[in-house]
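Student: My questions will all concern the structure given below.
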Amino acid sequence: SYLREQGGTLRTGSEVKRLDELPPARAYVFDTSPSALARIAGLGSAYSHYRYGASAFKIDYALSGPVPWTAEAARRAGTVHIGPTATAIDAALTAAVEGRDPSVPFLITAQPSLTDPSRAPEGRHVFWVYGHVPAC
């Protein structure tokens, strides 16, 4: 709504292959990869050496109550990292960024409705779980 209030327009559901397919504007916002943007904008191989970071998998849950963690601190935390040790979590993230499968995976969880009840219907909770994996 803010974008529209400022005179902006959202265009979705269609593939943009070239910038000249778009109406004139002071700025465009693309939600795409650097190589796709270079192709659309006619920049050739401008981003051919771009190094992609790790990818992620994510699952969103709608819950009837808060997560029943056994650790009291986790029941109050907005974010909980799940892994054997901080060193193992760091090694797993490094492996994913370098394009290797982590030998010991880890998960990052978020419980946004603990601190912002408006994120879920009254009396309910949301819970996100994601992990970093090598980019394909």
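Residues are named by chain letter and number: chains run A, B, ... in the order of the structure tokens, numbers start at 1 in each chain, and ligands are numbered from 1 in the order shown.
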Determine, for each residue of segment 39-99 of chain A having at least one atom at most 10 Å from an atom of segment 16-30 of chain A, the closest pair of atoms and their separation in Å to one decimal, counting only C-alpha atoms; order by chain and ascending number, as a Markdown table.

Tutor:
| residue | atom | partner | partner_atom | distance |
| --- | --- | --- | --- | --- |
| A:Arg39 | CA | A:Arg18 | CA | 7.7 |
| A:Ile40 | CA | A:Arg18 | CA | 4.5 |
| A:Ala41 | CA | A:Leu19 | CA | 5.7 |
| A:Gly42 | CA | A:Arg18 | CA | 7.5 |

Student: Select, from A:Pro121, A:Gly99, A:Pro68, A:Ser14, the residue with the minimum atom-to-atom distance to Arg51 of chain A, counting only C-alpha atoms.

Tutor: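 Using only C-alpha atoms, Arg51 of chain A sits closest to A:Gly99.
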
Student: To test your reading of the structure, identify every residue in segment 5-136 of chain A that backbone DSSP assigns to helix (DSSP H, G or I), and report it as a PyMOL selection string.

Tutor: chain A and resi 5+19-21+34-41+72-76+86-97+112-115+117-119

Student: Within 8 Å of Val104 of chain A, counting only C-alpha atoms, which residues qualify if same-chain residues fewer than 5 places away don't, as a PDB file with N, CA, C and O atoms, in the first residue's frame?

Tutor:
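File produced: result.pdb:
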ATOM      1  N   GLY A  83      21.498 -27.099  16.839  1.00  0.00           N
ATOM      2  CA  GLY A  83      22.677 -27.815  16.362  1.00  0.00           C
ATOM      3  C   GLY A  83      23.451 -28.302  17.564  1.00  0.00           C
ATOM      4  O   GLY A  83      23.191 -27.870  18.693  1.00  0.00           O
ATOM      5  N   ALA A  88      29.896 -26.435  15.429  1.00  0.00           N
ATOM      6  CA  ALA A  88      29.292 -27.280  14.389  1.00  0.00           C
ATOM      7  C   ALA A  88      28.327 -26.468  13.524  1.00  0.00           C
ATOM      8  O   ALA A  88      28.255 -26.673  12.305  1.00  0.00           O
ATOM      9  N   ILE A  89      27.583 -25.543  14.136  1.00  0.00           N
ATOM     10  CA  ILE A  89      26.673 -24.685  13.375  1.00  0.00           C
ATOM     11  C   ILE A  89      27.473 -23.815  12.418  1.00  0.00           C
ATOM     12  O   ILE A  89      27.131 -23.681  11.243  1.00  0.00           O
ATOM     13  N   ALA A  92      28.734 -25.921   9.537  1.00  0.00           N
ATOM     14  CA  ALA A  92      27.655 -26.271   8.613  1.00  0.00           C
ATOM     15  C   ALA A  92      27.321 -25.095   7.704  1.00  0.00           C
ATOM     16  O   ALA A  92      27.125 -25.268   6.500  1.00  0.00           O
TER      17      ALA A  92
END

Student: Atom CA of Ser113 of chain A to atom CA of Gly78 of chain A: how many Å, to one decimal?

Tutor: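 Straight-line distance from atom CA of Ser113 of chain A to atom CA of Gly78 of chain A works out to 8.4 Å.
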
Student: What's the 10 Å shell around Ala62 of chain A, counting only C-alpha atoms, without same-chain residues fewer than 2 positions away, as a short mmCIF file (atom, residue, chain, number, x, y, z; two decimals) with N, CA and C atoms, in the first residue's frame?

Tutor:
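Listing of selection-v8.cif after writing:
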data_model
loop_
_atom_site.label_atom_id
_atom_site.label_comp_id
_atom_site.auth_asym_id
_atom_site.auth_seq_id
_atom_site.Cartn_x
_atom_site.Cartn_y
_atom_site.Cartn_z
N ASP A 60 7.02 -23.24 7.06
CA ASP A 60 6.23 -22.36 7.92
C ASP A 60 5.13 -23.20 8.56
N SER A 64 -1.41 -24.30 17.07
CA SER A 64 -2.51 -24.00 17.99
C SER A 64 -1.99 -23.47 19.33
N GLY A 65 -0.69 -23.53 19.55
CA GLY A 65 -0.09 -23.01 20.77
C GLY A 65 1.39 -22.81 20.56
N PRO A 66 2.09 -22.30 21.57
CA PRO A 66 3.53 -22.11 21.42
C PRO A 66 4.26 -23.45 21.32
N ALA A 120 -0.27 -13.89 14.21
CA ALA A 120 -1.11 -15.09 14.16
C ALA A 120 -2.49 -14.75 14.71
N PRO A 121 -3.50 -15.54 14.36
CA PRO A 121 -4.82 -15.32 14.96
C PRO A 121 -4.74 -15.43 16.49
N ARG A 124 -3.20 -18.28 18.78
CA ARG A 124 -2.43 -19.18 17.90
C ARG A 124 -1.00 -18.66 17.77
N HIS A 125 -0.16 -19.47 17.13
CA HIS A 125 1.24 -19.09 16.95
C HIS A 125 1.72 -19.49 15.57
N VAL A 126 2.78 -18.81 15.11
CA VAL A 126 3.46 -19.21 13.89
C VAL A 126 4.88 -19.60 14.27
N PHE A 127 5.44 -20.50 13.49
CA PHE A 127 6.77 -21.03 13.76
C PHE A 127 7.42 -21.30 12.42
N TRP A 128 8.62 -20.78 12.23
CA TRP A 128 9.36 -20.97 10.98
C TRP A 128 10.59 -21.80 11.29
#

Student: At what distance in Å, to one decimal, does atom CA of Thr32 of chain A lie from atom CA of His81 of chain A?

Tutor: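 Distance reported for this atom pair: 28.2 Å.
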
Student: Just asking: which residues within segment 4-135 of chain A are strand (DSSP E or B) according to DSSP, as a VMD selection string?

Tutor: chain A and resid 55 to 63 79 to 82 107 to 110 125 to 133
